[in-house]
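One structure below.
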Amino acid sequence: MAVDEQYAAPLCVTVASLLEHLRPGVGLELHLMRSGLTPKTRRTLEGAWDGRVRLHWTSLDHETVDALRGYGHASSPAANFRLVVGSSLPGHVTKVIYLDADLLIRNDLVEVWERDMRGNIVLAVQDCYIQRLPSSCRPPGAPANGQAPYFNSGVMVIDLDAWRAAGIEQSCLEAARRLQHRTKWLDQHVLNACLAGRWGALPPVWNKQFSLDLFPDWRCSPYEEREFEEARRRPAIIHFCTHTKPWHAFSDHPRNDVLAYRAALQATAFGGAPAARPSLLRRAAQVLAAPHRRLLDTTAAAFHAKRRTHALKAMLPSILKLAILHPWTLATVPLAVVRERVAIRLDQVSASR
């Protein structure tokens with residue numbers, strides 16, 4: 001796992017929920033790639049869990065940290081640390097489960113650990129939002145294949161021996177330099193570019209993502225019907241992979257998931273007193289911002305769907321309803337899309353000079 005100061009408390013929730021569902025008699029070797037933790041936060045994490053956890057601190061050298069920060073990340077620079085997991089962990093560590101810090105685990109991870117890798121370097125869940133490998137991610141000279149699946153890197157079983165032997169880390173760093181001005185999901189795009197054809201699919205229950213709750217039926221998703229329904233009803237891992245997190249005052253995730261997460265957070269060493277009630281001004285702003293985010297997310301999810309025509313037809317009623325009930329979104333959503341595209345283009349132009 002990777003952690004910095006802003007994700008220390010969420011990481012504590014992820015690990016605590018993992019331990020809660022871990023079968024008896026099984027211990028946890030927890031390797032934390034860290035950057036920028038205060039001494040107080042480090043002490044809190046060291047005392048956060050019971051004797052089943054053996055904590056190993058992994059410090060990245062300043063040059064590597066600065067390089068990875070230079071690539072940027074939408075939420076936390078520490079997310080890019082997963083690109084160097086092979087060289088950061090000791091050589092005797094040959095297999096790991098990499099976990100993001102914004103997860104709530106509801107089942108025994110031993111089930112994932114014991115899965116047959118079948119010759120793959122990584123096992124992961126296909127991303128529910130992006131679904132297919134974008135053309136911009138394909139390595140130079142690679143054949144165009146718009147149907148290649150794309151995985152979410154928040155939960156990965158990694159064969160580190162195979163990772164190191166295949167030179168994945170060097171390939172990732174080279175791809176990061178090539179793609180850094182083209183995407184806001186750099187770490188994930190890079191991993192998919194370098195592991196195309198070398199990763200195997202986990203059932204979506206092991207990484208239930210936000211977009212799954214936006215889709216009216218399984219055909220909008222990249223999953224089979226049974227997998228889709230099971231992930232919605234009984235997710236083994238809930239991944240809060242949006243800009244609004246369950247520890248924020250306002251979150252776009254399903255209410256029951258948010259309440260479960262906040263209860264878990266209160267039970268950790270970082271729980272403490274409840275957060276202060278947001279000001280009237282902030283609550284008023286959310287009346288405008290929340291429908292904007294919902295319409296933007298829903299529309300984007302429909303356009304990214306593998307079965308785009310079906311998704312657009314199925315999701316059009318909810319899109320129109322949102323726009324009619326919240327008419328300002330008819331202006332704010334297109335402006336947000338244009339602003340993002342212009343920002344990426346300006347970044348590309350700046351980098352080419």
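We label chains A, B, ... in the order they appear in the structure tokens, count residues from 1 in each chain, and number ligands from 1 in the order shown.
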Per-residue DSSP, stretch 87-329 of chain A, filtered to strand (DSSP E), as an NGL selection string
:A and (95-99 or 103-105 or 122-126 or 151-159 or 199-201 or 237-239)
Could you name the residues that touch A:Leu22 at 10 Å or less, counting only C-alpha atoms, but leaving out those on the same chain fewer than 2 positions away, as a PyMOL selection string?
chain A and resi 16-20+24-28+52+105-111
Deliver the residues from the most recent selection as a file, using N, CA and C atoms, as a PDB file, in the first residue's frame.
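Output contents, as saved in result_35.pdb:
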```
ATOM      1  N   ALA A  16      -8.130  -1.948   8.806  1.00  0.00           N
ATOM      2  CA  ALA A  16      -9.001  -2.438   9.883  1.00  0.00           C
ATOM      3  C   ALA A  16     -10.132  -3.303   9.322  1.00  0.00           C
ATOM      4  N   SER A  17     -10.706  -2.894   8.198  1.00  0.00           N
ATOM      5  CA  SER A  17     -11.790  -3.693   7.601  1.00  0.00           C
ATOM      6  C   SER A  17     -11.247  -5.000   7.025  1.00  0.00           C
ATOM      7  N   LEU A  18     -10.010  -4.981   6.528  1.00  0.00           N
ATOM      8  CA  LEU A  18      -9.369  -6.204   6.059  1.00  0.00           C
ATOM      9  C   LEU A  18      -9.230  -7.196   7.215  1.00  0.00           C
ATOM     10  N   LEU A  19      -8.719  -6.704   8.347  1.00  0.00           N
ATOM     11  CA  LEU A  19      -8.500  -7.565   9.507  1.00  0.00           C
ATOM     12  C   LEU A  19      -9.813  -8.106  10.068  1.00  0.00           C
ATOM     13  N   GLU A  20     -10.854  -7.298  10.005  1.00  0.00           N
ATOM     14  CA  GLU A  20     -12.152  -7.713  10.538  1.00  0.00           C
ATOM     15  C   GLU A  20     -12.676  -8.963   9.837  1.00  0.00           C
ATOM     16  N   PRO A  24      -9.408 -16.628  10.819  1.00  0.00           N
ATOM     17  CA  PRO A  24      -8.569 -16.844  12.006  1.00  0.00           C
ATOM     18  C   PRO A  24      -7.266 -17.551  11.663  1.00  0.00           C
ATOM     19  N   GLY A  25      -6.208 -17.167  12.384  1.00  0.00           N
ATOM     20  CA  GLY A  25      -4.919 -17.813  12.206  1.00  0.00           C
ATOM     21  C   GLY A  25      -4.073 -17.271  11.082  1.00  0.00           C
ATOM     22  N   VAL A  26      -4.599 -16.302  10.340  1.00  0.00           N
ATOM     23  CA  VAL A  26      -3.855 -15.721   9.222  1.00  0.00           C
ATOM     24  C   VAL A  26      -3.322 -14.349   9.629  1.00  0.00           C
ATOM     25  N   GLY A  27      -2.035 -14.123   9.398  1.00  0.00           N
ATOM     26  CA  GLY A  27      -1.420 -12.830   9.696  1.00  0.00           C
ATOM     27  C   GLY A  27      -1.294 -11.969   8.458  1.00  0.00           C
ATOM     28  N   LEU A  28      -0.872 -10.734   8.652  1.00  0.00           N
ATOM     29  CA  LEU A  28      -0.762  -9.763   7.562  1.00  0.00           C
ATOM     30  C   LEU A  28       0.614  -9.120   7.584  1.00  0.00           C
ATOM     31  N   ARG A  52      -1.701  -9.385  14.709  1.00  0.00           N
ATOM     32  CA  ARG A  52      -1.697 -10.110  13.438  1.00  0.00           C
ATOM     33  C   ARG A  52      -0.933  -9.364  12.348  1.00  0.00           C
ATOM     34  N   ILE A 105     -13.344  -3.116   3.040  1.00  0.00           N
ATOM     35  CA  ILE A 105     -13.263  -4.541   2.724  1.00  0.00           C
ATOM     36  C   ILE A 105     -14.306  -5.298   3.537  1.00  0.00           C
ATOM     37  N   ARG A 106     -15.050  -6.169   2.847  1.00  0.00           N
ATOM     38  CA  ARG A 106     -16.162  -6.879   3.492  1.00  0.00           C
ATOM     39  C   ARG A 106     -16.080  -8.385   3.339  1.00  0.00           C
ATOM     40  N   ASN A 107     -14.928  -8.888   2.915  1.00  0.00           N
ATOM     41  CA  ASN A 107     -14.782 -10.336   2.773  1.00  0.00           C
ATOM     42  C   ASN A 107     -13.320 -10.705   2.984  1.00  0.00           C
ATOM     43  N   ASP A 108     -13.075 -11.994   3.086  1.00  0.00           N
ATOM     44  CA  ASP A 108     -11.747 -12.514   3.402  1.00  0.00           C
ATOM     45  C   ASP A 108     -10.838 -12.429   2.177  1.00  0.00           C
ATOM     46  N   LEU A 109      -9.739 -11.663   2.287  1.00  0.00           N
ATOM     47  CA  LEU A 109      -8.832 -11.478   1.159  1.00  0.00           C
ATOM     48  C   LEU A 109      -8.021 -12.727   0.835  1.00  0.00           C
ATOM     49  N   VAL A 110      -8.032 -13.700   1.713  1.00  0.00           N
ATOM     50  CA  VAL A 110      -7.330 -14.949   1.409  1.00  0.00           C
ATOM     51  C   VAL A 110      -7.895 -15.580   0.135  1.00  0.00           C
ATOM     52  N   GLU A 111      -9.179 -15.384  -0.112  1.00  0.00           N
ATOM     53  CA  GLU A 111      -9.793 -15.914  -1.328  1.00  0.00           C
ATOM     54  C   GLU A 111      -9.120 -15.369  -2.577  1.00  0.00           C
TER      55      GLU A 111
END
```
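When only C-alpha atoms are used to compute distances to A:Arg307, the closest of the residues A:Leu325, A:Ala196, A:Ala263, A:Ile130 turns out to be A:Ile130.
Proximity of A:Glu229, A:Ala236, A:His243, A:Arg82 to A:Leu191, computed with only C-alpha atoms, is greatest for A:Arg82.
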Suppose you want the space between atom CA of A:Ile158 and atom CA of A:Thr268; what is it in Å?
28.1 Å
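The interatomic distance for the pair atom CA of A:Gly119 and atom CA of A:Leu202 works out to 14.1 Å.
The smallest atom-to-atom distance between A:Gly86 and any of A:Asp116, A:Glu169, A:Asp252, A:Glu227, using only C-alpha atoms, is found for A:Glu169.
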Kindly indicate which residue among A:Thr58, A:Asn120, A:Ser211, A:Thr44 lies nearest to A:Val3, using only C-alpha atoms for the distances.
A:Thr58
Which residues come within 10 Å of A:Arg42, counting only C-alpha atoms, excluding same-chain residues fewer than 6 positions away, as an NGL selection string?
:A and (5 or 8 or 34 or 36 or 48 or 57)
Interatomic distance between atom CA of A:Ala9 and atom CA of A:Asp187?
22.0 Å
